[in-house]
file protein-v4.txt (compact mmCIF, N, CA and C atoms and all ligand atoms)
# COMPACT_ATOMS: atom_id res chain seq x y z
N MET A 1301 2.90 -47.48 -33.57
CA MET A 1301 1.69 -46.73 -33.24
C MET A 1301 1.94 -45.23 -33.46
N ILE A 1302 0.94 -44.56 -34.05
CA ILE A 1302 1.04 -43.11 -34.23
C ILE A 1302 0.82 -42.45 -32.88
N LYS A 1303 1.73 -41.53 -32.52
CA LYS A 1303 1.68 -40.92 -31.19
C LYS A 1303 1.05 -39.52 -31.19
N LYS A 1304 1.35 -38.77 -32.22
CA LYS A 1304 0.83 -37.39 -32.27
C LYS A 1304 1.15 -36.80 -33.63
N ILE A 1305 0.56 -35.64 -33.90
CA ILE A 1305 1.00 -34.87 -35.06
C ILE A 1305 2.29 -34.19 -34.64
N ASP A 1306 3.37 -34.56 -35.30
CA ASP A 1306 4.68 -34.02 -34.96
C ASP A 1306 4.86 -32.61 -35.53
N HIS A 1307 4.48 -32.47 -36.79
CA HIS A 1307 4.66 -31.16 -37.41
C HIS A 1307 3.78 -30.99 -38.65
N LEU A 1308 3.61 -29.73 -39.01
CA LEU A 1308 2.99 -29.39 -40.28
C LEU A 1308 4.09 -28.82 -41.17
N GLY A 1309 4.21 -29.34 -42.37
CA GLY A 1309 5.19 -28.83 -43.33
C GLY A 1309 4.54 -27.80 -44.22
N ILE A 1310 5.15 -26.63 -44.32
CA ILE A 1310 4.58 -25.53 -45.10
C ILE A 1310 5.61 -25.09 -46.15
N ALA A 1311 5.21 -25.17 -47.41
CA ALA A 1311 6.12 -24.79 -48.50
C ALA A 1311 6.16 -23.27 -48.64
N VAL A 1312 7.37 -22.72 -48.68
CA VAL A 1312 7.54 -21.27 -48.85
C VAL A 1312 8.62 -21.00 -49.89
N HIS A 1313 8.52 -19.85 -50.54
CA HIS A 1313 9.56 -19.47 -51.49
C HIS A 1313 10.85 -19.11 -50.76
N SER A 1314 10.70 -18.44 -49.62
CA SER A 1314 11.87 -17.93 -48.91
C SER A 1314 11.66 -18.02 -47.40
N ILE A 1315 12.50 -18.79 -46.73
CA ILE A 1315 12.44 -18.85 -45.27
C ILE A 1315 12.73 -17.48 -44.68
N ALA A 1316 13.67 -16.77 -45.28
CA ALA A 1316 14.05 -15.45 -44.75
C ALA A 1316 12.84 -14.52 -44.69
N ARG A 1317 11.97 -14.60 -45.71
CA ARG A 1317 10.78 -13.75 -45.71
C ARG A 1317 9.67 -14.36 -44.86
N ALA A 1318 9.42 -15.66 -45.01
CA ALA A 1318 8.28 -16.28 -44.33
C ALA A 1318 8.44 -16.30 -42.82
N ARG A 1319 9.67 -16.42 -42.34
CA ARG A 1319 9.87 -16.52 -40.89
C ARG A 1319 9.42 -15.25 -40.16
N LEU A 1320 9.40 -14.13 -40.89
CA LEU A 1320 8.98 -12.87 -40.26
C LEU A 1320 7.53 -12.97 -39.77
N PHE A 1321 6.68 -13.64 -40.55
CA PHE A 1321 5.29 -13.83 -40.11
C PHE A 1321 5.25 -14.62 -38.81
N TYR A 1322 5.98 -15.72 -38.78
CA TYR A 1322 5.94 -16.60 -37.60
C TYR A 1322 6.57 -15.93 -36.37
N GLU A 1323 7.61 -15.14 -36.62
CA GLU A 1323 8.29 -14.49 -35.50
C GLU A 1323 7.59 -13.21 -35.04
N GLU A 1324 7.24 -12.38 -36.02
CA GLU A 1324 6.76 -11.05 -35.64
C GLU A 1324 5.26 -10.99 -35.45
N VAL A 1325 4.51 -11.78 -36.21
CA VAL A 1325 3.05 -11.76 -36.06
C VAL A 1325 2.60 -12.79 -35.03
N LEU A 1326 3.09 -14.02 -35.14
CA LEU A 1326 2.67 -15.07 -34.20
C LEU A 1326 3.53 -15.09 -32.93
N GLY A 1327 4.68 -14.44 -32.98
CA GLY A 1327 5.52 -14.37 -31.78
C GLY A 1327 6.24 -15.67 -31.45
N LEU A 1328 6.43 -16.54 -32.45
CA LEU A 1328 7.13 -17.80 -32.22
C LEU A 1328 8.64 -17.61 -32.41
N THR A 1329 9.38 -18.57 -31.91
CA THR A 1329 10.84 -18.51 -32.02
C THR A 1329 11.32 -19.58 -32.99
N CYS A 1330 12.16 -19.18 -33.93
CA CYS A 1330 12.76 -20.15 -34.85
C CYS A 1330 13.87 -20.88 -34.10
N GLU A 1331 13.73 -22.20 -34.00
CA GLU A 1331 14.71 -22.97 -33.22
C GLU A 1331 15.95 -23.31 -34.01
N ARG A 1332 15.75 -23.63 -35.26
CA ARG A 1332 16.91 -23.93 -36.08
C ARG A 1332 16.53 -23.91 -37.55
N VAL A 1333 17.53 -23.65 -38.37
CA VAL A 1333 17.39 -23.75 -39.82
C VAL A 1333 18.36 -24.84 -40.24
N GLU A 1334 17.86 -25.78 -41.01
CA GLU A 1334 18.66 -26.96 -41.35
C GLU A 1334 18.41 -27.36 -42.79
N GLU A 1335 19.48 -27.67 -43.49
CA GLU A 1335 19.32 -28.15 -44.86
C GLU A 1335 19.23 -29.67 -44.84
N VAL A 1336 18.27 -30.22 -45.59
CA VAL A 1336 18.13 -31.67 -45.70
C VAL A 1336 18.44 -32.05 -47.14
N ALA A 1337 19.67 -32.53 -47.34
CA ALA A 1337 20.16 -32.78 -48.69
C ALA A 1337 19.30 -33.80 -49.42
N SER A 1338 18.87 -34.85 -48.69
CA SER A 1338 18.12 -35.94 -49.35
C SER A 1338 16.80 -35.44 -49.93
N GLN A 1339 16.27 -34.36 -49.36
CA GLN A 1339 14.97 -33.84 -49.83
C GLN A 1339 15.14 -32.55 -50.65
N MET A 1340 16.38 -32.09 -50.81
CA MET A 1340 16.66 -30.84 -51.53
C MET A 1340 15.85 -29.67 -50.96
N VAL A 1341 15.86 -29.56 -49.64
CA VAL A 1341 15.15 -28.47 -48.98
C VAL A 1341 15.97 -27.88 -47.85
N ARG A 1342 15.66 -26.62 -47.54
CA ARG A 1342 16.11 -25.99 -46.31
C ARG A 1342 14.88 -25.91 -45.42
N THR A 1343 15.05 -26.22 -44.14
CA THR A 1343 13.89 -26.24 -43.24
C THR A 1343 14.13 -25.26 -42.09
N ALA A 1344 13.06 -24.71 -41.58
CA ALA A 1344 13.12 -23.87 -40.37
C ALA A 1344 12.03 -24.37 -39.44
N PHE A 1345 12.39 -24.59 -38.16
CA PHE A 1345 11.46 -25.18 -37.19
C PHE A 1345 11.04 -24.18 -36.13
N PHE A 1346 9.72 -24.17 -35.90
CA PHE A 1346 9.13 -23.40 -34.81
C PHE A 1346 8.33 -24.39 -33.95
N THR A 1347 8.36 -24.23 -32.65
CA THR A 1347 7.60 -25.12 -31.77
C THR A 1347 6.33 -24.44 -31.29
N VAL A 1348 5.23 -25.17 -31.38
CA VAL A 1348 3.95 -24.70 -30.87
C VAL A 1348 3.40 -25.81 -29.99
N GLY A 1349 3.51 -25.67 -28.69
CA GLY A 1349 3.11 -26.76 -27.80
C GLY A 1349 3.94 -28.00 -28.08
N GLU A 1350 3.27 -29.12 -28.40
CA GLU A 1350 3.98 -30.36 -28.68
C GLU A 1350 4.19 -30.56 -30.17
N THR A 1351 3.81 -29.57 -30.94
CA THR A 1351 3.85 -29.71 -32.40
C THR A 1351 4.81 -28.67 -32.96
N HIS A 1352 5.30 -28.95 -34.15
CA HIS A 1352 6.21 -28.02 -34.80
C HIS A 1352 5.63 -27.55 -36.12
N ILE A 1353 6.07 -26.37 -36.50
CA ILE A 1353 5.84 -25.87 -37.86
C ILE A 1353 7.18 -26.00 -38.57
N GLU A 1354 7.16 -26.63 -39.73
CA GLU A 1354 8.38 -26.85 -40.51
C GLU A 1354 8.24 -26.08 -41.82
N LEU A 1355 8.94 -24.97 -41.93
CA LEU A 1355 8.93 -24.24 -43.21
C LEU A 1355 9.90 -24.95 -44.15
N LEU A 1356 9.50 -25.07 -45.40
CA LEU A 1356 10.28 -25.80 -46.40
C LEU A 1356 10.57 -24.89 -47.58
N GLU A 1357 11.84 -24.67 -47.82
CA GLU A 1357 12.27 -23.82 -48.94
C GLU A 1357 13.10 -24.68 -49.88
N PRO A 1358 12.84 -24.65 -51.18
CA PRO A 1358 13.64 -25.49 -52.10
C PRO A 1358 15.08 -25.01 -52.18
N THR A 1359 16.02 -25.94 -52.33
CA THR A 1359 17.42 -25.55 -52.49
C THR A 1359 17.85 -25.64 -53.95
N GLY A 1360 16.95 -26.04 -54.82
CA GLY A 1360 17.28 -26.09 -56.25
C GLY A 1360 16.02 -26.30 -57.06
N PRO A 1361 16.11 -26.08 -58.37
CA PRO A 1361 14.92 -26.17 -59.23
C PRO A 1361 14.35 -27.59 -59.32
N ASP A 1362 15.15 -28.61 -59.03
CA ASP A 1362 14.66 -29.99 -59.10
C ASP A 1362 14.07 -30.47 -57.78
N SER A 1363 14.07 -29.60 -56.78
CA SER A 1363 13.51 -29.98 -55.48
C SER A 1363 12.02 -30.25 -55.61
N PRO A 1364 11.51 -31.29 -54.92
CA PRO A 1364 10.06 -31.52 -54.91
C PRO A 1364 9.29 -30.29 -54.41
N ILE A 1365 9.91 -29.53 -53.51
CA ILE A 1365 9.23 -28.32 -53.01
C ILE A 1365 9.15 -27.25 -54.11
N ALA A 1366 10.16 -27.17 -54.96
CA ALA A 1366 10.11 -26.23 -56.08
C ALA A 1366 8.95 -26.60 -57.01
N ARG A 1367 8.78 -27.89 -57.25
CA ARG A 1367 7.68 -28.33 -58.12
C ARG A 1367 6.32 -28.05 -57.47
N PHE A 1368 6.25 -28.27 -56.16
CA PHE A 1368 5.01 -27.99 -55.43
C PHE A 1368 4.66 -26.51 -55.53
N LEU A 1369 5.65 -25.64 -55.31
CA LEU A 1369 5.41 -24.20 -55.34
C LEU A 1369 4.97 -23.75 -56.73
N ALA A 1370 5.57 -24.34 -57.77
CA ALA A 1370 5.21 -23.95 -59.14
C ALA A 1370 3.77 -24.33 -59.44
N LYS A 1371 3.34 -25.46 -58.88
CA LYS A 1371 2.00 -25.98 -59.18
C LYS A 1371 0.93 -25.38 -58.28
N ARG A 1372 1.25 -25.28 -56.99
CA ARG A 1372 0.21 -24.94 -56.01
C ARG A 1372 0.45 -23.63 -55.28
N GLY A 1373 1.66 -23.09 -55.37
CA GLY A 1373 1.98 -21.89 -54.60
C GLY A 1373 2.30 -22.23 -53.15
N GLU A 1374 2.54 -21.22 -52.35
CA GLU A 1374 2.87 -21.45 -50.95
C GLU A 1374 1.67 -22.03 -50.21
N GLY A 1375 1.94 -22.82 -49.18
CA GLY A 1375 0.85 -23.37 -48.38
C GLY A 1375 1.22 -24.66 -47.71
N ILE A 1376 0.22 -25.28 -47.08
CA ILE A 1376 0.48 -26.54 -46.36
C ILE A 1376 0.91 -27.62 -47.35
N HIS A 1377 2.04 -28.23 -47.07
CA HIS A 1377 2.62 -29.22 -47.97
C HIS A 1377 2.40 -30.64 -47.45
N HIS A 1378 2.57 -30.85 -46.16
CA HIS A 1378 2.35 -32.20 -45.62
C HIS A 1378 2.07 -32.15 -44.12
N ILE A 1379 1.53 -33.26 -43.63
CA ILE A 1379 1.35 -33.47 -42.19
C ILE A 1379 2.31 -34.57 -41.77
N GLY A 1380 3.07 -34.31 -40.70
CA GLY A 1380 4.03 -35.29 -40.21
C GLY A 1380 3.53 -35.93 -38.92
N TYR A 1381 3.35 -37.24 -38.95
CA TYR A 1381 2.89 -37.99 -37.77
C TYR A 1381 4.08 -38.70 -37.13
N LEU A 1382 4.18 -38.57 -35.82
CA LEU A 1382 5.26 -39.26 -35.10
C LEU A 1382 4.81 -40.68 -34.75
N SER A 1383 5.65 -41.64 -35.08
CA SER A 1383 5.37 -43.04 -34.75
C SER A 1383 6.54 -43.61 -33.97
N ASP A 1384 6.23 -44.61 -33.13
CA ASP A 1384 7.33 -45.29 -32.44
C ASP A 1384 7.83 -46.49 -33.25
N ASN A 1385 7.21 -46.75 -34.42
CA ASN A 1385 7.64 -47.86 -35.25
C ASN A 1385 7.30 -47.56 -36.71
N ILE A 1386 8.21 -46.89 -37.37
CA ILE A 1386 7.92 -46.40 -38.72
C ILE A 1386 7.74 -47.56 -39.71
N GLU A 1387 8.50 -48.64 -39.54
CA GLU A 1387 8.36 -49.78 -40.46
C GLU A 1387 6.96 -50.39 -40.36
N GLU A 1388 6.44 -50.47 -39.12
CA GLU A 1388 5.10 -51.02 -38.91
C GLU A 1388 4.05 -50.17 -39.63
N GLU A 1389 4.21 -48.84 -39.56
CA GLU A 1389 3.25 -47.95 -40.25
C GLU A 1389 3.32 -48.17 -41.76
N LEU A 1390 4.54 -48.30 -42.28
CA LEU A 1390 4.69 -48.48 -43.73
C LEU A 1390 4.12 -49.82 -44.18
N ASP A 1391 4.35 -50.87 -43.37
CA ASP A 1391 3.79 -52.19 -43.71
C ASP A 1391 2.26 -52.13 -43.74
N ARG A 1392 1.67 -51.48 -42.74
CA ARG A 1392 0.21 -51.42 -42.68
C ARG A 1392 -0.35 -50.60 -43.85
N ALA A 1393 0.32 -49.48 -44.16
CA ALA A 1393 -0.12 -48.66 -45.29
C ALA A 1393 -0.04 -49.46 -46.59
N ASP A 1394 1.04 -50.21 -46.73
CA ASP A 1394 1.24 -51.03 -47.93
C ASP A 1394 0.17 -52.11 -48.03
N GLU A 1395 -0.12 -52.77 -46.90
CA GLU A 1395 -1.17 -53.81 -46.88
C GLU A 1395 -2.53 -53.26 -47.30
N HIS A 1396 -2.76 -51.97 -47.02
CA HIS A 1396 -4.03 -51.36 -47.36
C HIS A 1396 -4.01 -50.69 -48.74
N GLY A 1397 -2.95 -50.94 -49.49
CA GLY A 1397 -2.89 -50.45 -50.86
C GLY A 1397 -2.49 -49.00 -51.01
N CYS A 1398 -1.97 -48.39 -49.94
CA CYS A 1398 -1.48 -47.01 -50.06
C CYS A 1398 -0.20 -47.00 -50.89
N GLN A 1399 -0.06 -45.93 -51.67
CA GLN A 1399 1.15 -45.78 -52.47
C GLN A 1399 2.24 -45.16 -51.60
N LEU A 1400 3.33 -45.89 -51.42
CA LEU A 1400 4.44 -45.40 -50.60
C LEU A 1400 5.41 -44.63 -51.50
N ILE A 1401 5.71 -43.41 -51.12
CA ILE A 1401 6.75 -42.66 -51.85
C ILE A 1401 8.11 -43.20 -51.43
N ASN A 1402 8.26 -43.50 -50.14
CA ASN A 1402 9.49 -44.12 -49.62
C ASN A 1402 9.13 -45.49 -49.06
N GLU A 1403 9.64 -46.53 -49.68
CA GLU A 1403 9.35 -47.87 -49.16
C GLU A 1403 10.16 -48.17 -47.90
N LYS A 1404 11.28 -47.47 -47.79
CA LYS A 1404 12.11 -47.55 -46.58
C LYS A 1404 12.31 -46.13 -46.07
N PRO A 1405 12.44 -45.97 -44.75
CA PRO A 1405 12.67 -44.63 -44.20
C PRO A 1405 13.96 -44.00 -44.74
N VAL A 1406 13.92 -42.67 -44.90
CA VAL A 1406 15.11 -41.92 -45.30
C VAL A 1406 15.43 -40.90 -44.21
N ALA A 1407 16.60 -40.27 -44.32
CA ALA A 1407 17.02 -39.30 -43.32
C ALA A 1407 16.25 -38.00 -43.48
N GLY A 1408 15.64 -37.54 -42.38
CA GLY A 1408 14.93 -36.26 -42.39
C GLY A 1408 15.63 -35.25 -41.50
N ALA A 1409 15.00 -34.09 -41.33
CA ALA A 1409 15.57 -33.05 -40.49
C ALA A 1409 15.59 -33.51 -39.04
N GLY A 1410 16.50 -32.96 -38.26
CA GLY A 1410 16.55 -33.24 -36.83
C GLY A 1410 16.95 -34.66 -36.49
N GLY A 1411 17.62 -35.35 -37.42
CA GLY A 1411 18.06 -36.72 -37.16
C GLY A 1411 16.93 -37.73 -37.17
N LYS A 1412 15.73 -37.31 -37.61
CA LYS A 1412 14.60 -38.24 -37.65
C LYS A 1412 14.68 -39.12 -38.90
N ARG A 1413 14.01 -40.27 -38.82
CA ARG A 1413 13.80 -41.10 -39.99
C ARG A 1413 12.39 -40.81 -40.48
N ILE A 1414 12.25 -40.64 -41.79
CA ILE A 1414 10.95 -40.23 -42.33
C ILE A 1414 10.60 -41.07 -43.56
N ALA A 1415 9.30 -41.14 -43.84
CA ALA A 1415 8.83 -41.76 -45.08
C ALA A 1415 7.50 -41.11 -45.43
N PHE A 1416 7.28 -40.95 -46.74
CA PHE A 1416 6.06 -40.27 -47.21
C PHE A 1416 5.10 -41.25 -47.88
N LEU A 1417 3.81 -40.99 -47.65
CA LEU A 1417 2.73 -41.70 -48.36
C LEU A 1417 2.15 -40.74 -49.39
N HIS A 1418 1.90 -41.25 -50.58
CA HIS A 1418 1.47 -40.40 -51.70
C HIS A 1418 0.05 -39.84 -51.46
N PRO A 1419 -0.12 -38.53 -51.73
CA PRO A 1419 -1.44 -37.92 -51.49
C PRO A 1419 -2.56 -38.55 -52.32
N GLY A 1420 -2.19 -39.21 -53.44
CA GLY A 1420 -3.21 -39.87 -54.26
C GLY A 1420 -3.88 -41.03 -53.55
N SER A 1421 -3.26 -41.55 -52.49
CA SER A 1421 -3.88 -42.65 -51.75
C SER A 1421 -4.15 -42.28 -50.30
N THR A 1422 -4.10 -40.97 -49.99
CA THR A 1422 -4.39 -40.53 -48.61
C THR A 1422 -5.44 -39.42 -48.61
N HIS A 1423 -6.31 -39.43 -49.61
CA HIS A 1423 -7.36 -38.41 -49.70
C HIS A 1423 -6.79 -37.01 -49.80
N GLY A 1424 -5.71 -36.89 -50.56
CA GLY A 1424 -5.24 -35.57 -50.94
C GLY A 1424 -4.20 -34.92 -50.06
N VAL A 1425 -3.77 -35.59 -49.00
CA VAL A 1425 -2.79 -34.97 -48.10
C VAL A 1425 -1.48 -35.77 -48.12
N LEU A 1426 -0.42 -35.13 -48.56
CA LEU A 1426 0.90 -35.77 -48.46
C LEU A 1426 1.15 -36.06 -46.99
N THR A 1427 1.39 -37.33 -46.68
CA THR A 1427 1.46 -37.78 -45.29
C THR A 1427 2.85 -38.31 -44.99
N GLU A 1428 3.46 -37.73 -43.97
CA GLU A 1428 4.79 -38.17 -43.55
C GLU A 1428 4.68 -38.93 -42.24
N ILE A 1429 5.36 -40.07 -42.18
CA ILE A 1429 5.51 -40.78 -40.92
C ILE A 1429 6.95 -40.54 -40.49
N CYS A 1430 7.15 -40.14 -39.24
CA CYS A 1430 8.52 -39.92 -38.80
C CYS A 1430 8.73 -40.60 -37.46
N SER A 1431 9.98 -40.92 -37.19
CA SER A 1431 10.33 -41.50 -35.90
C SER A 1431 11.66 -40.94 -35.46
N LYS A 1432 11.84 -40.90 -34.15
CA LYS A 1432 13.08 -40.35 -33.61
C LYS A 1432 14.21 -41.34 -33.82
N GLY A 1433 15.29 -40.88 -34.40
CA GLY A 1433 16.50 -41.67 -34.55
C GLY A 1433 16.33 -42.98 -35.30
ZN ZN B 1501 8.10 -33.05 -42.55
call {"tool": "encode", "arguments": {"input": "protein-v4.txt", "output": "structure tokens"}}
result
Amino acid sequence: MIKKIDHLGIAVHSIARARLFYEEVLGLTCERVEEVASQMVRTAFFTVGETHIELLEPTGPDSPIARFLAKRGEGIHHIGYLSDNIEEELDRADEHGCQLINEKPVAGAGGKRIAFLHPGSTHGVLTEICSKG
């Protein structure tokens, strides 16, 4: 079952530059910066109530985030929904003909397991399902 919106993923060219907006203008605190090798990204997390903002910076030219930035520029990249059963969400999405980017969960930031649904089958929004541990 989907429990809440866990985070919004925002693609940025540089966490070092973008974090200044979140820290100095919005007054939020950066909790951690973490590299996620499987996704070729560096992430920075800010907490807003029960939800997080996840800044995503590419770690190389082949990173999906680098391709996103080249095509669309900086901006909202994905919505991350927290589920207590990620396999169940993927099975249901598959049964409804959604295109799964990850058929099985992969390792995400913060020790979470994550899987993405393709924006072509979610009305234009890259959709991440994540679960704790
Ligand atoms: Zn995410």
call {"tool": "select_by_dssp", "arguments": {"input": "protein-v4.txt", "residues": "region 1318-1395 of chain A", "states": "helix (DSSP H, G or I)", "output": "ChimeraX atom specification"}}
result
/A:1318-1325,1337-1339,1364-1372,1386-1395
call {"tool": "residues_near_ligand", "arguments": {"input": "protein-v4.txt", "ligand": "ligand ZN 1501 (chain B)", "cutoff": "8 Å", "atoms": "only N, CA and C atoms and all ligand atoms", "output": "mmCIF file with N, CA and C atoms, in the coordinates of the input"}}
result
data_model
loop_
_atom_site.group_PDB
_atom_site.id
_atom_site.type_symbol
_atom_site.label_atom_id
_atom_site.label_comp_id
_atom_site.auth_asym_id
_atom_site.auth_seq_id
_atom_site.Cartn_x
_atom_site.Cartn_y
_atom_site.Cartn_z
ATOM 1 N N ASP A 1306 3.370 -34.560 -35.300
ATOM 2 C CA ASP A 1306 4.680 -34.020 -34.960
ATOM 3 C C ASP A 1306 4.860 -32.610 -35.530
ATOM 4 N N HIS A 1307 4.480 -32.470 -36.790
ATOM 5 C CA HIS A 1307 4.660 -31.160 -37.410
ATOM 6 C C HIS A 1307 3.780 -30.990 -38.650
ATOM 7 N N LEU A 1308 3.610 -29.730 -39.010
ATOM 8 C CA LEU A 1308 2.990 -29.390 -40.280
ATOM 9 C C LEU A 1308 4.090 -28.820 -41.170
ATOM 10 N N GLY A 1309 4.210 -29.340 -42.370
ATOM 11 C CA GLY A 1309 5.190 -28.830 -43.330
ATOM 12 C C GLY A 1309 4.540 -27.800 -44.220
ATOM 13 N N ILE A 1310 5.150 -26.630 -44.320
ATOM 14 C CA ILE A 1310 4.580 -25.530 -45.100
ATOM 15 C C ILE A 1310 5.610 -25.090 -46.150
ATOM 16 N N GLU A 1354 7.160 -26.630 -39.730
ATOM 17 C CA GLU A 1354 8.380 -26.850 -40.510
ATOM 18 C C GLU A 1354 8.240 -26.080 -41.820
ATOM 19 N N HIS A 1377 2.040 -28.230 -47.070
ATOM 20 C CA HIS A 1377 2.620 -29.220 -47.970
ATOM 21 C C HIS A 1377 2.400 -30.640 -47.450
ATOM 22 N N HIS A 1378 2.570 -30.850 -46.160
ATOM 23 C CA HIS A 1378 2.350 -32.200 -45.620
ATOM 24 C C HIS A 1378 2.070 -32.150 -44.120
ATOM 25 N N ILE A 1379 1.530 -33.260 -43.630
ATOM 26 C CA ILE A 1379 1.350 -33.470 -42.190
ATOM 27 C C ILE A 1379 2.310 -34.570 -41.770
ATOM 28 N N GLY A 1380 3.070 -34.310 -40.700
ATOM 29 C CA GLY A 1380 4.030 -35.290 -40.210
ATOM 30 C C GLY A 1380 3.530 -35.930 -38.920
ATOM 31 N N TYR A 1381 3.350 -37.240 -38.950
ATOM 32 C CA TYR A 1381 2.890 -37.990 -37.770
ATOM 33 C C TYR A 1381 4.080 -38.700 -37.130
ATOM 34 N N GLY A 1408 15.640 -37.540 -42.380
ATOM 35 C CA GLY A 1408 14.930 -36.260 -42.390
ATOM 36 C C GLY A 1408 15.630 -35.250 -41.500
ATOM 37 N N ALA A 1409 15.000 -34.090 -41.330
ATOM 38 C CA ALA A 1409 15.570 -33.050 -40.490
ATOM 39 C C ALA A 1409 15.590 -33.510 -39.040
ATOM 40 N N ILE A 1414 12.250 -40.640 -41.790
ATOM 41 C CA ILE A 1414 10.950 -40.230 -42.330
ATOM 42 C C ILE A 1414 10.600 -41.070 -43.560
ATOM 43 N N THR A 1427 1.390 -37.330 -46.680
ATOM 44 C CA THR A 1427 1.460 -37.780 -45.290
ATOM 45 C C THR A 1427 2.850 -38.310 -44.990
ATOM 46 N N GLU A 1428 3.460 -37.730 -43.970
ATOM 47 C CA GLU A 1428 4.790 -38.170 -43.550
ATOM 48 C C GLU A 1428 4.680 -38.930 -42.240
ATOM 49 N N ILE A 1429 5.360 -40.070 -42.180
ATOM 50 C CA ILE A 1429 5.510 -40.780 -40.920
ATOM 51 C C ILE A 1429 6.950 -40.540 -40.490
ATOM 52 N N CYS A 1430 7.150 -40.140 -39.240
ATOM 53 C CA CYS A 1430 8.520 -39.920 -38.800
ATOM 54 C C CYS A 1430 8.730 -40.600 -37.460
#
call {"tool": "closest_atom_pairs", "arguments": {"input": "protein-v4.txt", "of": "region 1307-1342 of chain A", "to": "region 1359-1373 of chain A", "cutoff": "12 Å", "atoms": "only C-alpha atoms", "output": "CSV"}}
result
residue,atom,partner,partner_atom,distance
A:Gly1309,CA,A:Ile1365,CA,10.5
A:Ile1310,CA,A:Ile1365,CA,9.6
A:Ala1311,CA,A:Ile1365,CA,6.5
A:Val1312,CA,A:Leu1369,CA,7.4
A:His1313,CA,A:Leu1369,CA,7.4
A:Ser1314,CA,A:Thr1359,CA,10.1
A:Ile1315,CA,A:Thr1359,CA,11.0
A:Glu1334,CA,A:Thr1359,CA,11.3
A:Glu1335,CA,A:Thr1359,CA,8.3
A:Val1336,CA,A:Thr1359,CA,9.2
A:Ala1337,CA,A:Thr1359,CA,8.6
A:Ser1338,CA,A:Ser1363,CA,9.7
A:Gln1339,CA,A:Ser1363,CA,7.0
A:Met1340,CA,A:Ser1363,CA,5.1
A:Val1341,CA,A:Thr1359,CA,5.1
A:Arg1342,CA,A:Thr1359,CA,6.3
call {"tool": "closest_residue", "arguments": {"input": "protein-v4.txt", "among": "A:Gln1399, A:Ile1376, A:Lys1404, A:Asn1385", "to": "His1418 (chain A)", "atoms": "only C-alpha atoms"}}
result
A:Gln1399
call {"tool": "select_by_dssp", "arguments": {"input": "protein-v4.txt", "residues": "chain A", "states": "strand (DSSP E or B)", "output": "MDAnalysis selection string"}}
result
chainID A and resid 1302:1311 1330:1336 1341:1348 1351:1358 1375:1383 1400 1406:1407 1413:1417 1427:1431
call {"tool": "closest_residue", "arguments": {"input": "protein-v4.txt", "among": "A:Ile1302, A:Cys1398, A:Ile1386, A:Leu1328", "to": "Arg1413 (chain A)", "atoms": "only N, CA and C atoms"}}
result
A:Ile1386
call {"tool": "atom_distance", "arguments": {"input": "protein-v4.txt", "atom1": "atom N of Met1301 (chain A)", "atom2": "atom N of Phe1346 (chain A)"}}
result
24.4 Å
call {"tool": "axis_aligned_box", "arguments": {"input": "protein-v4.txt", "around": "region 1378-1385 of chain A", "padding_each_side": "3 Å", "output": "JSON"}}
result
{"center_x": 4.6, "center_y": -39.4, "center_z": -39.3, "size_x": 12.5, "size_y": 23.0, "size_z": 19.7}
call {"tool": "atom_distance", "arguments": {"input": "protein-v4.txt", "atom1": "CA of Ser1383 (chain A)", "atom2": "CA of Ile1305 (chain A)"}}
result
9.3 Å
call {"tool": "atom_distance", "arguments": {"input": "protein-v4.txt", "atom1": "CA of Gly1375 (chain A)", "atom2": "atom C of Thr1422 (chain A)"}}
result
17.2 Å
call {"tool": "residues_around", "arguments": {"input": "protein-v4.txt", "residues": "His1396 (chain A)", "least_positions_apart": "5", "cutoff": "12 Å", "atoms": "only C-alpha atoms", "output": "ChimeraX atom specification"}}
result
/A:1389-1391,1417,1421-1422
